[in-house]
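Visitor: This is query_9.cif, which holds mmCIF, N, CA and C atoms and all ligand atoms:
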```
data_final
loop_
_atom_site.label_atom_id
_atom_site.label_comp_id
_atom_site.auth_asym_id
_atom_site.auth_seq_id
_atom_site.Cartn_x
_atom_site.Cartn_y
_atom_site.Cartn_z
N MET A 150 -82.29 -50.18 86.78
CA MET A 150 -82.40 -51.46 86.07
C MET A 150 -82.84 -51.27 84.62
N SER A 151 -83.80 -50.30 84.43
CA SER A 151 -84.28 -50.10 83.05
C SER A 151 -83.15 -49.54 82.17
N ALA A 152 -82.25 -48.75 82.74
CA ALA A 152 -81.10 -48.23 81.97
C ALA A 152 -80.24 -49.39 81.50
N TYR A 153 -80.11 -50.41 82.35
CA TYR A 153 -79.31 -51.61 82.01
C TYR A 153 -79.89 -52.29 80.78
N TRP A 154 -81.24 -52.53 80.79
CA TRP A 154 -81.88 -53.20 79.67
C TRP A 154 -81.88 -52.33 78.42
N ASN A 155 -81.98 -51.02 78.61
CA ASN A 155 -81.90 -50.11 77.46
C ASN A 155 -80.55 -50.28 76.76
N ASP A 156 -79.48 -50.37 77.58
CA ASP A 156 -78.13 -50.56 77.02
C ASP A 156 -78.04 -51.88 76.27
N VAL A 157 -78.60 -52.94 76.87
CA VAL A 157 -78.52 -54.27 76.26
C VAL A 157 -79.25 -54.26 74.91
N PHE A 158 -80.49 -53.73 74.90
CA PHE A 158 -81.26 -53.72 73.65
C PHE A 158 -80.62 -52.79 72.62
N GLY A 159 -80.12 -51.66 73.08
CA GLY A 159 -79.45 -50.72 72.18
C GLY A 159 -78.24 -51.37 71.53
N GLY A 160 -77.44 -52.08 72.33
CA GLY A 160 -76.24 -52.76 71.83
C GLY A 160 -76.61 -53.85 70.83
N ALA A 161 -77.66 -54.63 71.18
CA ALA A 161 -78.09 -55.73 70.29
C ALA A 161 -78.60 -55.18 68.97
N LYS A 162 -79.35 -54.07 69.03
CA LYS A 162 -79.88 -53.46 67.80
C LYS A 162 -78.73 -52.97 66.92
N SER A 163 -77.77 -52.30 67.57
CA SER A 163 -76.63 -51.77 66.81
C SER A 163 -75.82 -52.91 66.18
N LEU A 164 -75.67 -54.02 66.91
CA LEU A 164 -74.96 -55.20 66.40
C LEU A 164 -75.70 -55.79 65.18
N ALA A 165 -77.03 -55.89 65.30
CA ALA A 165 -77.84 -56.46 64.21
C ALA A 165 -77.73 -55.58 62.96
N ILE A 166 -77.78 -54.25 63.16
CA ILE A 166 -77.67 -53.34 62.00
C ILE A 166 -76.30 -53.50 61.34
N GLY A 167 -75.25 -53.53 62.17
CA GLY A 167 -73.88 -53.68 61.65
C GLY A 167 -73.72 -54.98 60.87
N LEU A 168 -74.23 -56.09 61.41
CA LEU A 168 -74.10 -57.39 60.74
C LEU A 168 -74.90 -57.43 59.44
N SER A 169 -76.06 -56.76 59.44
CA SER A 169 -76.86 -56.76 58.20
C SER A 169 -76.13 -56.00 57.10
N ILE A 170 -75.46 -54.90 57.46
CA ILE A 170 -74.68 -54.14 56.47
C ILE A 170 -73.53 -55.00 55.95
N THR A 171 -72.84 -55.68 56.88
CA THR A 171 -71.72 -56.55 56.49
C THR A 171 -72.21 -57.64 55.54
N ALA A 172 -73.34 -58.27 55.87
CA ALA A 172 -73.87 -59.35 55.04
C ALA A 172 -74.23 -58.83 53.65
N ARG A 173 -74.85 -57.63 53.60
CA ARG A 173 -75.26 -57.06 52.32
C ARG A 173 -74.03 -56.77 51.43
N GLU A 174 -73.00 -56.16 52.04
CA GLU A 174 -71.79 -55.81 51.28
C GLU A 174 -71.02 -57.05 50.85
N PHE A 175 -71.10 -58.12 51.66
CA PHE A 175 -70.35 -59.34 51.38
C PHE A 175 -70.75 -59.95 50.03
N PHE A 176 -72.01 -59.81 49.65
CA PHE A 176 -72.48 -60.43 48.42
C PHE A 176 -72.45 -59.49 47.20
N LYS A 177 -71.99 -58.26 47.41
CA LYS A 177 -71.87 -57.34 46.27
C LYS A 177 -70.60 -57.65 45.49
N PRO A 178 -70.55 -57.34 44.18
CA PRO A 178 -69.32 -57.61 43.41
C PRO A 178 -68.13 -56.83 43.98
N VAL A 179 -66.94 -57.45 43.92
CA VAL A 179 -65.73 -56.81 44.45
C VAL A 179 -65.26 -55.73 43.46
N ILE A 180 -65.07 -54.52 43.95
CA ILE A 180 -64.61 -53.47 43.03
C ILE A 180 -63.19 -52.98 43.37
N THR A 181 -62.65 -53.43 44.48
CA THR A 181 -61.29 -53.05 44.82
C THR A 181 -60.31 -54.04 44.18
N MET A 182 -59.05 -53.62 44.03
CA MET A 182 -58.05 -54.50 43.41
C MET A 182 -56.89 -54.73 44.37
N GLN A 183 -56.22 -55.86 44.21
CA GLN A 183 -55.08 -56.19 45.06
C GLN A 183 -53.83 -55.56 44.49
N TYR A 184 -53.79 -54.22 44.46
CA TYR A 184 -52.63 -53.50 43.94
C TYR A 184 -51.45 -53.73 44.89
N PRO A 185 -50.24 -53.93 44.46
CA PRO A 185 -49.77 -53.91 43.06
C PRO A 185 -49.78 -55.27 42.36
N TRP A 186 -50.34 -56.30 42.99
CA TRP A 186 -50.33 -57.62 42.34
C TRP A 186 -51.31 -57.67 41.17
N GLU A 187 -52.37 -56.92 41.29
CA GLU A 187 -53.32 -56.83 40.18
C GLU A 187 -53.14 -55.48 39.49
N VAL A 188 -53.04 -55.50 38.18
CA VAL A 188 -52.82 -54.26 37.44
C VAL A 188 -54.13 -53.81 36.81
N PRO A 189 -54.54 -52.57 37.05
CA PRO A 189 -55.81 -52.12 36.48
C PRO A 189 -55.73 -51.94 34.97
N GLU A 190 -56.86 -52.05 34.32
CA GLU A 190 -56.90 -51.78 32.87
C GLU A 190 -56.91 -50.27 32.69
N ILE A 191 -55.91 -49.77 31.97
CA ILE A 191 -55.77 -48.32 31.83
C ILE A 191 -56.66 -47.84 30.68
N PRO A 192 -57.49 -46.83 30.92
CA PRO A 192 -58.38 -46.33 29.87
C PRO A 192 -57.60 -45.83 28.66
N GLU A 193 -58.20 -45.97 27.51
CA GLU A 193 -57.57 -45.60 26.24
C GLU A 193 -57.06 -44.15 26.25
N ARG A 194 -57.84 -43.26 26.86
CA ARG A 194 -57.48 -41.83 26.82
C ARG A 194 -56.67 -41.38 28.03
N TYR A 195 -56.12 -42.32 28.77
CA TYR A 195 -55.32 -41.97 29.95
C TYR A 195 -54.07 -41.19 29.52
N ARG A 196 -53.72 -40.17 30.31
CA ARG A 196 -52.53 -39.38 30.00
C ARG A 196 -51.42 -39.65 30.99
N GLY A 197 -50.52 -40.55 30.60
CA GLY A 197 -49.29 -40.70 31.37
C GLY A 197 -48.27 -39.75 30.75
N HIS A 198 -47.03 -39.77 31.20
CA HIS A 198 -46.02 -38.91 30.56
C HIS A 198 -45.89 -39.31 29.09
N ILE A 199 -45.33 -38.41 28.27
CA ILE A 199 -45.23 -38.74 26.85
C ILE A 199 -44.18 -39.84 26.64
N GLU A 200 -44.29 -40.52 25.52
CA GLU A 200 -43.31 -41.55 25.16
C GLU A 200 -43.11 -41.52 23.64
N LEU A 201 -41.98 -42.03 23.21
CA LEU A 201 -41.68 -42.10 21.78
C LEU A 201 -42.39 -43.30 21.17
N VAL A 202 -42.74 -43.16 19.91
CA VAL A 202 -43.42 -44.26 19.20
C VAL A 202 -42.43 -44.86 18.21
N LYS A 203 -42.45 -46.18 18.16
CA LYS A 203 -41.52 -46.89 17.29
C LYS A 203 -42.10 -47.11 15.89
N ASN A 204 -41.25 -47.03 14.88
CA ASN A 204 -41.64 -47.43 13.53
C ASN A 204 -41.59 -48.96 13.49
N GLU A 205 -42.73 -49.58 13.31
CA GLU A 205 -42.80 -51.04 13.42
C GLU A 205 -41.95 -51.74 12.35
N LYS A 206 -41.76 -51.08 11.19
CA LYS A 206 -40.98 -51.72 10.12
C LYS A 206 -39.49 -51.70 10.42
N THR A 207 -39.00 -50.53 10.86
CA THR A 207 -37.55 -50.40 11.07
C THR A 207 -37.13 -50.72 12.51
N GLY A 208 -38.08 -50.64 13.43
CA GLY A 208 -37.75 -50.85 14.85
C GLY A 208 -37.11 -49.63 15.49
N LYS A 209 -37.00 -48.54 14.71
CA LYS A 209 -36.40 -47.29 15.21
C LYS A 209 -37.50 -46.30 15.57
N PRO A 210 -37.15 -45.22 16.31
CA PRO A 210 -38.18 -44.22 16.62
C PRO A 210 -38.71 -43.55 15.35
N LYS A 211 -39.98 -43.21 15.35
CA LYS A 211 -40.58 -42.53 14.20
C LYS A 211 -40.09 -41.10 14.08
N CYS A 212 -39.54 -40.57 15.17
CA CYS A 212 -39.12 -39.17 15.25
C CYS A 212 -38.09 -38.83 14.17
N ILE A 213 -38.32 -37.70 13.51
CA ILE A 213 -37.36 -37.26 12.48
C ILE A 213 -36.54 -36.05 12.96
N CYS A 214 -36.62 -35.76 14.25
CA CYS A 214 -35.81 -34.69 14.87
C CYS A 214 -36.14 -33.29 14.33
N CYS A 215 -37.39 -33.02 14.01
CA CYS A 215 -37.74 -31.69 13.50
C CYS A 215 -37.77 -30.65 14.62
N GLY A 216 -37.97 -31.10 15.84
CA GLY A 216 -37.93 -30.19 17.00
C GLY A 216 -39.23 -29.45 17.28
N MET A 217 -40.29 -29.76 16.53
CA MET A 217 -41.57 -29.06 16.72
C MET A 217 -42.13 -29.27 18.14
N CYS A 218 -42.02 -30.48 18.64
CA CYS A 218 -42.57 -30.78 19.98
C CYS A 218 -41.83 -29.95 21.03
N MET A 219 -40.53 -29.88 20.88
CA MET A 219 -39.70 -29.13 21.84
C MET A 219 -40.09 -27.65 21.82
N ARG A 220 -40.29 -27.12 20.64
CA ARG A 220 -40.64 -25.69 20.53
C ARG A 220 -42.07 -25.41 20.99
N SER A 221 -42.95 -26.38 20.84
CA SER A 221 -44.36 -26.12 21.20
C SER A 221 -44.63 -26.34 22.68
N CYS A 222 -43.69 -26.90 23.40
CA CYS A 222 -43.92 -27.17 24.83
C CYS A 222 -43.86 -25.87 25.63
N PRO A 223 -44.96 -25.50 26.28
CA PRO A 223 -44.98 -24.23 27.02
C PRO A 223 -44.10 -24.24 28.26
N SER A 224 -43.71 -25.42 28.72
CA SER A 224 -42.94 -25.51 29.95
C SER A 224 -41.48 -25.86 29.74
N GLY A 225 -41.09 -26.03 28.48
CA GLY A 225 -39.69 -26.36 28.19
C GLY A 225 -39.26 -27.69 28.77
N CYS A 226 -40.12 -28.69 28.69
CA CYS A 226 -39.81 -30.00 29.28
C CYS A 226 -38.96 -30.89 28.39
N ILE A 227 -39.01 -30.61 27.09
CA ILE A 227 -38.40 -31.55 26.15
C ILE A 227 -37.03 -31.05 25.68
N SER A 228 -36.11 -31.97 25.65
CA SER A 228 -34.78 -31.65 25.14
C SER A 228 -34.37 -32.79 24.22
N LEU A 229 -34.14 -32.47 22.95
CA LEU A 229 -33.78 -33.55 22.01
C LEU A 229 -32.63 -33.15 21.11
N VAL A 230 -31.93 -34.16 20.65
CA VAL A 230 -30.79 -33.95 19.76
C VAL A 230 -30.86 -34.98 18.64
N GLY A 231 -30.60 -34.52 17.42
CA GLY A 231 -30.55 -35.43 16.29
C GLY A 231 -29.24 -35.21 15.54
N LYS A 232 -28.62 -36.28 15.09
CA LYS A 232 -27.35 -36.13 14.36
C LYS A 232 -27.44 -36.88 13.04
N LYS A 233 -26.74 -36.32 12.04
CA LYS A 233 -26.71 -36.96 10.73
C LYS A 233 -25.52 -37.91 10.66
N PRO A 234 -25.73 -39.20 10.58
CA PRO A 234 -24.59 -40.10 10.45
C PRO A 234 -23.91 -39.88 9.09
N GLU A 235 -22.64 -40.18 9.00
CA GLU A 235 -21.90 -39.96 7.76
C GLU A 235 -22.51 -40.72 6.60
N GLY A 236 -22.69 -40.00 5.50
CA GLY A 236 -23.26 -40.63 4.32
C GLY A 236 -24.77 -40.71 4.32
N GLU A 237 -25.40 -40.33 5.41
CA GLU A 237 -26.88 -40.38 5.48
C GLU A 237 -27.46 -39.00 5.19
N LYS A 238 -28.69 -38.99 4.69
CA LYS A 238 -29.34 -37.72 4.40
C LYS A 238 -30.20 -37.26 5.58
N LYS A 239 -30.69 -38.20 6.33
CA LYS A 239 -31.62 -37.84 7.41
C LYS A 239 -30.95 -37.92 8.77
N LYS A 240 -31.47 -37.08 9.67
CA LYS A 240 -30.96 -37.09 11.04
C LYS A 240 -31.47 -38.32 11.79
N VAL A 241 -30.68 -38.74 12.74
CA VAL A 241 -31.08 -39.85 13.60
C VAL A 241 -31.16 -39.31 15.03
N LEU A 242 -32.19 -39.68 15.72
CA LEU A 242 -32.39 -39.21 17.09
C LEU A 242 -31.33 -39.81 18.02
N THR A 243 -30.60 -38.95 18.72
CA THR A 243 -29.57 -39.47 19.63
C THR A 243 -29.92 -39.18 21.10
N LYS A 244 -30.85 -38.23 21.31
CA LYS A 244 -31.25 -37.94 22.69
C LYS A 244 -32.67 -37.39 22.67
N TYR A 245 -33.49 -37.89 23.57
CA TYR A 245 -34.84 -37.33 23.75
C TYR A 245 -35.15 -37.42 25.24
N GLU A 246 -35.07 -36.26 25.87
CA GLU A 246 -35.24 -36.23 27.33
C GLU A 246 -36.49 -35.45 27.71
N LEU A 247 -37.21 -35.95 28.69
CA LEU A 247 -38.41 -35.28 29.18
C LEU A 247 -38.24 -34.97 30.66
N ASP A 248 -38.37 -33.69 31.02
CA ASP A 248 -38.36 -33.32 32.44
C ASP A 248 -39.81 -33.30 32.91
N PHE A 249 -40.21 -34.43 33.47
CA PHE A 249 -41.62 -34.60 33.86
C PHE A 249 -42.01 -33.74 35.07
N THR A 250 -41.03 -33.19 35.77
CA THR A 250 -41.36 -32.33 36.92
C THR A 250 -42.04 -31.04 36.46
N LYS A 251 -41.83 -30.69 35.17
CA LYS A 251 -42.41 -29.44 34.67
C LYS A 251 -43.61 -29.68 33.77
N CYS A 252 -43.86 -30.92 33.41
CA CYS A 252 -44.91 -31.23 32.42
C CYS A 252 -46.30 -31.11 33.03
N SER A 253 -47.20 -30.46 32.28
CA SER A 253 -48.58 -30.31 32.73
C SER A 253 -49.51 -31.25 31.97
N LEU A 254 -48.94 -32.13 31.15
CA LEU A 254 -49.70 -33.09 30.34
C LEU A 254 -50.71 -32.39 29.42
N CYS A 255 -50.31 -31.24 28.92
CA CYS A 255 -51.23 -30.44 28.09
C CYS A 255 -51.45 -31.07 26.72
N GLY A 256 -50.47 -31.84 26.24
CA GLY A 256 -50.62 -32.51 24.95
C GLY A 256 -50.19 -31.67 23.75
N SER A 257 -49.69 -30.48 23.99
CA SER A 257 -49.28 -29.60 22.90
C SER A 257 -48.19 -30.24 22.04
N CYS A 258 -47.26 -30.92 22.68
CA CYS A 258 -46.17 -31.57 21.94
C CYS A 258 -46.72 -32.64 21.00
N ILE A 259 -47.68 -33.40 21.49
CA ILE A 259 -48.24 -34.50 20.68
C ILE A 259 -49.01 -33.92 19.49
N GLU A 260 -49.77 -32.87 19.76
CA GLU A 260 -50.53 -32.23 18.67
C GLU A 260 -49.61 -31.63 17.61
N SER A 261 -48.46 -31.15 18.03
CA SER A 261 -47.57 -30.48 17.07
C SER A 261 -46.78 -31.48 16.22
N CYS A 262 -46.75 -32.73 16.62
CA CYS A 262 -45.97 -33.72 15.86
C CYS A 262 -46.78 -34.24 14.69
N ASN A 263 -46.29 -33.98 13.49
CA ASN A 263 -47.00 -34.40 12.27
C ASN A 263 -46.66 -35.84 11.89
N PHE A 264 -45.86 -36.51 12.69
CA PHE A 264 -45.39 -37.85 12.30
C PHE A 264 -45.87 -38.95 13.25
N GLY A 265 -46.71 -38.56 14.18
CA GLY A 265 -47.22 -39.56 15.15
C GLY A 265 -46.09 -40.20 15.93
N ALA A 266 -45.05 -39.41 16.20
CA ALA A 266 -43.85 -39.98 16.81
C ALA A 266 -43.86 -39.95 18.34
N ILE A 267 -44.82 -39.24 18.93
CA ILE A 267 -44.94 -39.25 20.40
C ILE A 267 -46.42 -39.42 20.77
N ARG A 268 -46.63 -39.95 21.95
CA ARG A 268 -48.00 -40.15 22.45
C ARG A 268 -47.95 -40.20 23.98
N PHE A 269 -49.11 -40.17 24.60
CA PHE A 269 -49.15 -40.32 26.06
C PHE A 269 -48.92 -41.79 26.39
N SER A 270 -48.10 -42.04 27.40
CA SER A 270 -47.87 -43.42 27.84
C SER A 270 -48.98 -43.82 28.81
N LYS A 271 -48.93 -45.08 29.21
CA LYS A 271 -49.92 -45.58 30.19
C LYS A 271 -49.28 -45.71 31.58
N ASP A 272 -48.10 -45.11 31.75
CA ASP A 272 -47.42 -45.21 33.05
C ASP A 272 -48.22 -44.49 34.13
N TYR A 273 -48.58 -45.20 35.17
CA TYR A 273 -49.41 -44.59 36.21
C TYR A 273 -48.80 -44.73 37.61
N ASN A 274 -47.81 -45.59 37.74
CA ASN A 274 -47.33 -45.86 39.10
C ASN A 274 -45.92 -45.32 39.34
N LEU A 275 -45.72 -44.07 38.97
CA LEU A 275 -44.42 -43.45 39.21
C LEU A 275 -44.38 -42.97 40.66
N ALA A 276 -43.31 -43.27 41.33
CA ALA A 276 -43.19 -42.80 42.70
C ALA A 276 -41.72 -42.69 43.08
N SER A 277 -41.33 -41.54 43.53
CA SER A 277 -39.96 -41.35 43.99
C SER A 277 -39.90 -40.06 44.80
N THR A 278 -38.96 -39.99 45.70
CA THR A 278 -38.77 -38.75 46.46
C THR A 278 -37.67 -37.90 45.83
N ARG A 279 -37.02 -38.45 44.78
CA ARG A 279 -35.92 -37.72 44.13
C ARG A 279 -36.39 -37.10 42.83
N LYS A 280 -36.18 -35.79 42.73
CA LYS A 280 -36.60 -35.04 41.54
C LYS A 280 -35.95 -35.59 40.26
N GLU A 281 -34.69 -36.01 40.39
CA GLU A 281 -33.94 -36.50 39.23
C GLU A 281 -34.61 -37.73 38.60
N ASP A 282 -35.35 -38.47 39.40
CA ASP A 282 -35.99 -39.68 38.87
C ASP A 282 -37.12 -39.37 37.89
N TYR A 283 -37.49 -38.10 37.82
CA TYR A 283 -38.57 -37.72 36.91
C TYR A 283 -38.06 -37.06 35.63
N VAL A 284 -36.76 -37.16 35.42
CA VAL A 284 -36.19 -36.74 34.14
C VAL A 284 -35.97 -38.03 33.35
N PHE A 285 -36.79 -38.21 32.32
CA PHE A 285 -36.79 -39.49 31.61
C PHE A 285 -36.01 -39.43 30.31
N ASP A 286 -35.19 -40.44 30.11
CA ASP A 286 -34.50 -40.64 28.83
C ASP A 286 -35.46 -41.49 27.98
N LEU A 287 -36.26 -40.83 27.16
CA LEU A 287 -37.29 -41.56 26.43
C LEU A 287 -36.74 -42.44 25.31
N LEU A 288 -35.57 -42.07 24.79
CA LEU A 288 -34.95 -42.90 23.75
C LEU A 288 -34.48 -44.23 24.35
N LYS A 289 -33.86 -44.13 25.51
CA LYS A 289 -33.40 -45.34 26.20
C LYS A 289 -34.60 -46.21 26.59
N ARG A 290 -35.65 -45.53 27.04
CA ARG A 290 -36.86 -46.25 27.45
C ARG A 290 -37.44 -47.06 26.29
N LEU A 291 -37.45 -46.42 25.09
CA LEU A 291 -37.96 -47.09 23.90
C LEU A 291 -37.10 -48.30 23.54
N GLU A 292 -35.78 -48.11 23.65
CA GLU A 292 -34.85 -49.21 23.32
C GLU A 292 -35.03 -50.37 24.29
N GLU A 293 -35.24 -50.03 25.57
CA GLU A 293 -35.41 -51.09 26.58
C GLU A 293 -36.71 -51.87 26.39
N GLN A 294 -37.69 -51.20 25.78
CA GLN A 294 -38.96 -51.90 25.54
C GLN A 294 -38.82 -52.96 24.46
N GLY A 295 -37.71 -52.88 23.70
CA GLY A 295 -37.41 -53.89 22.67
C GLY A 295 -38.20 -53.72 21.40
S1 LIG B 1 -42.39 -33.18 16.57
FE1 LIG B 1 -42.40 -35.40 16.33
S2 LIG B 1 -40.91 -35.78 14.72
FE2 LIG B 1 -40.57 -33.69 15.41
S3 LIG B 1 -38.96 -33.87 16.97
FE3 LIG B 1 -40.91 -33.99 18.03
S4 LIG B 1 -41.37 -36.20 18.18
FE4 LIG B 1 -39.79 -35.91 16.63
S1 LIG B 2 -47.54 -32.54 27.51
FE1 LIG B 2 -47.37 -30.28 27.42
S2 LIG B 2 -46.06 -29.74 29.14
FE2 LIG B 2 -45.82 -31.94 28.81
S3 LIG B 2 -44.05 -32.15 27.47
FE3 LIG B 2 -45.84 -32.06 26.15
S4 LIG B 2 -46.10 -29.90 25.62
FE4 LIG B 2 -44.71 -30.01 27.39
#
```
Please express what this file holds, its structure, as structure tokens.
Ligand code: SF4
Ligand code: SF4
Guide:
Amino acid sequence: MSAYWNDVFGGAKSLAIGLSITAREFFKPVITMQYPWEVPEIPERYRGHIELVKNEKTGKPKCICCGMCMRSCPSGCISLVGKKPEGEKKKVLTKYELDFTKCSLCGSCIESCNFGAIRFSKDYNLASTRKEDYVFDLLKRLEEQG
């Protein structure tokens, strides 16, 4: 009989402890987010994949196609092409591709750019099972951003 009452009191004590923890947590501020409906604030120094930066005056990429970023990348992730339109003196960027499967986010490309033409993006929710989805056309991406 005493084993029976021990079980009853043990169960009641455990229930009371559990409810007190629940009550305490219930009144604490909520720190979880309803992802993906709620988007977190991305820290200023967050390193997403690199992205091209637009010249706000012309609406075109700041990149002058010098190729320094491509040469400084230790993993060979960047592939870019610039062409001189007829009658123009400067090259225009026609392709800027990033193979993110090889990128270590080291930042060497960004440091090597003297024109502030690339930076880390704030993209954080990349997900795919296909390797090809991680080869980004950054020029197209910039154009789509408007
Ligand atoms: S270093 Fe800068 S300007 Fe030169 S190709 Fe790379 S992004 Fe363009
Ligand atoms: S962050 Fe580093 S690894 Fe990634 S593209 Fe730039 S230089 Fe290459």
Visitor: Please give the centre and size of the box around segment 277-281 of chain A (axis-aligned, containing every atom listed in the file, 5 Å added per side), with values in Å to one decimal and written as lines of an AutoDock Vina configuration file.
Guide:
```
center_x = -37.6
center_y = -38.3
center_z = 42.5
size_x = 17.4
size_y = 16.5
size_z = 17.9
```
Visitor: Can you pull out the residues contacting segment 195-205 of chain A? Cut-off 5 Å, using only N, CA and C atoms, and skip same-chain residues under 6 positions away; I want them as a list of chain:residue names.
Guide: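 Using only N, CA and C atoms, the neighbours found are A:Lys211, A:Ala266, A:Ile267, A:Arg268, A:Phe269, A:Ser270, A:Lys271, A:Asp272.
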Visitor: Could you please extract the residues within 6.5 Å of ligand LIG 1 (chain B), counting all atoms listed in the file, and hand them back as a list in words?
Guide: Lys211, Cys212, Ile213, Cys214, Cys215, Gly216, Met217, Cys218, Met219, Cys258, Ser261, Cys262, Asn263, Phe264, Gly265, Ala266 and Ile267 of chain A
Visitor: Just give me the gap between atom C of Phe249 of chain A and atom C of Glu187 of chain A in Å, one decimal is fine.
Guide: 24.8 Å
Visitor: When distances are computed from all atoms listed in the file, which of A:Leu291, A:Val157, A:Leu254, A:Val179 shows the smallest separation from ligand LIG 2 (chain B)?
Guide: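 So, comparing all the options, the nearest one is A:Leu254.
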Visitor: So, with all atoms listed in the file as the atoms that count, which of A:Phe285, A:Glu237, A:Val188, A:Val230 lies closest to Thr250 of chain A?
Guide: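 That would be A:Phe285, the residue with the smallest distance to Thr250 of chain A.
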Visitor: Can you write out as a tab-separated table which residues of chain A fall within 7 Å of ligand LIG 2 (chain B), alongside each residue's closest atom pair and its distance in Å to one decimal, counting all atoms listed in the file and ordering rows by chain and ascending residue number?
Guide:
```
residue	atom	partner	partner_atom	distance
A:Ile199	N	B:LIG2	S1	6.3
A:Cys218	C	B:LIG2	S4	6.3
A:Ser221	C	B:LIG2	S4	4.8
A:Cys222	CA	B:LIG2	S4	3.6
A:Pro223	N	B:LIG2	S4	4.6
A:Ser224	N	B:LIG2	FE4	4.9
A:Gly225	N	B:LIG2	FE4	5.5
A:Cys226	N	B:LIG2	FE4	4.9
A:Ile227	N	B:LIG2	S3	5.3
A:Leu247	CA	B:LIG2	S3	6.7
A:Asp248	N	B:LIG2	S3	6.9
A:Lys251	C	B:LIG2	S2	5.2
A:Cys252	CA	B:LIG2	S2	3.8
A:Ser253	N	B:LIG2	S2	3.4
A:Leu254	CA	B:LIG2	S1	3.6
A:Cys255	N	B:LIG2	S1	3.4
A:Gly256	N	B:LIG2	S1	3.3
A:Ser257	N	B:LIG2	S4	4.0
A:Cys258	N	B:LIG2	S4	3.3
A:Ile259	N	B:LIG2	FE3	5.2
```
Visitor: Write a file of the just-selected residues containing N, CA and C atoms, as an mmCIF file, in the frame of the given file.
Guide:
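Result written to part-v8.cif:
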```cif
data_model
loop_
_atom_site.group_PDB
_atom_site.id
_atom_site.type_symbol
_atom_site.label_atom_id
_atom_site.label_comp_id
_atom_site.auth_asym_id
_atom_site.auth_seq_id
_atom_site.Cartn_x
_atom_site.Cartn_y
_atom_site.Cartn_z
ATOM 1 N N ILE A 199 -45.330 -38.410 28.270
ATOM 2 C CA ILE A 199 -45.230 -38.740 26.850
ATOM 3 C C ILE A 199 -44.180 -39.840 26.640
ATOM 4 N N CYS A 218 -42.020 -30.480 18.640
ATOM 5 C CA CYS A 218 -42.570 -30.780 19.980
ATOM 6 C C CYS A 218 -41.830 -29.950 21.030
ATOM 7 N N SER A 221 -42.950 -26.380 20.840
ATOM 8 C CA SER A 221 -44.360 -26.120 21.200
ATOM 9 C C SER A 221 -44.630 -26.340 22.680
ATOM 10 N N CYS A 222 -43.690 -26.900 23.400
ATOM 11 C CA CYS A 222 -43.920 -27.170 24.830
ATOM 12 C C CYS A 222 -43.860 -25.870 25.630
ATOM 13 N N PRO A 223 -44.960 -25.500 26.280
ATOM 14 C CA PRO A 223 -44.980 -24.230 27.020
ATOM 15 C C PRO A 223 -44.100 -24.240 28.260
ATOM 16 N N SER A 224 -43.710 -25.420 28.720
ATOM 17 C CA SER A 224 -42.940 -25.510 29.950
ATOM 18 C C SER A 224 -41.480 -25.860 29.740
ATOM 19 N N GLY A 225 -41.090 -26.030 28.480
ATOM 20 C CA GLY A 225 -39.690 -26.360 28.190
ATOM 21 C C GLY A 225 -39.260 -27.690 28.770
ATOM 22 N N CYS A 226 -40.120 -28.690 28.690
ATOM 23 C CA CYS A 226 -39.810 -30.000 29.280
ATOM 24 C C CYS A 226 -38.960 -30.890 28.390
ATOM 25 N N ILE A 227 -39.010 -30.610 27.090
ATOM 26 C CA ILE A 227 -38.400 -31.550 26.150
ATOM 27 C C ILE A 227 -37.030 -31.050 25.680
ATOM 28 N N LEU A 247 -37.210 -35.950 28.690
ATOM 29 C CA LEU A 247 -38.410 -35.280 29.180
ATOM 30 C C LEU A 247 -38.240 -34.970 30.660
ATOM 31 N N ASP A 248 -38.370 -33.690 31.020
ATOM 32 C CA ASP A 248 -38.360 -33.320 32.440
ATOM 33 C C ASP A 248 -39.810 -33.300 32.910
ATOM 34 N N LYS A 251 -41.830 -30.690 35.170
ATOM 35 C CA LYS A 251 -42.410 -29.440 34.670
ATOM 36 C C LYS A 251 -43.610 -29.680 33.770
ATOM 37 N N CYS A 252 -43.860 -30.920 33.410
ATOM 38 C CA CYS A 252 -44.910 -31.230 32.420
ATOM 39 C C CYS A 252 -46.300 -31.110 33.030
ATOM 40 N N SER A 253 -47.200 -30.460 32.280
ATOM 41 C CA SER A 253 -48.580 -30.310 32.730
ATOM 42 C C SER A 253 -49.510 -31.250 31.970
ATOM 43 N N LEU A 254 -48.940 -32.130 31.150
ATOM 44 C CA LEU A 254 -49.700 -33.090 30.340
ATOM 45 C C LEU A 254 -50.710 -32.390 29.420
ATOM 46 N N CYS A 255 -50.310 -31.240 28.920
ATOM 47 C CA CYS A 255 -51.230 -30.440 28.090
ATOM 48 C C CYS A 255 -51.450 -31.070 26.720
ATOM 49 N N GLY A 256 -50.470 -31.840 26.240
ATOM 50 C CA GLY A 256 -50.620 -32.510 24.950
ATOM 51 C C GLY A 256 -50.190 -31.670 23.750
ATOM 52 N N SER A 257 -49.690 -30.480 23.990
ATOM 53 C CA SER A 257 -49.280 -29.600 22.900
ATOM 54 C C SER A 257 -48.190 -30.240 22.040
ATOM 55 N N CYS A 258 -47.260 -30.920 22.680
ATOM 56 C CA CYS A 258 -46.170 -31.570 21.940
ATOM 57 C C CYS A 258 -46.720 -32.640 21.000
ATOM 58 N N ILE A 259 -47.680 -33.400 21.490
ATOM 59 C CA ILE A 259 -48.240 -34.500 20.680
ATOM 60 C C ILE A 259 -49.010 -33.920 19.490
#
```
Visitor: Write out as a list in words the set of residues from chain A that DSSP, computed on the backbone, places in strand (DSSP E).
Guide: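 The strand (DSSP E) subset of chain A is Ile199, Glu200, Leu201, Ile227, Ser228, Leu229, Val230, Gly231, Lys232, Val241, Leu242, Thr243, Lys244, Tyr245, Glu246, Leu247, Asp248, Ile267, Arg268, Phe269, Val284, Phe285 and Asp286 of chain A.
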Visitor: Give the answer as one residue: which of A:Asp282, A:Lys209, A:Leu287, A:Ile180 has the shortest atom-to-atom distance to Tyr245 of chain A, using only C-alpha atoms?
Guide: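 Selected residue with least distance to Tyr245 of chain A: A:Leu287.
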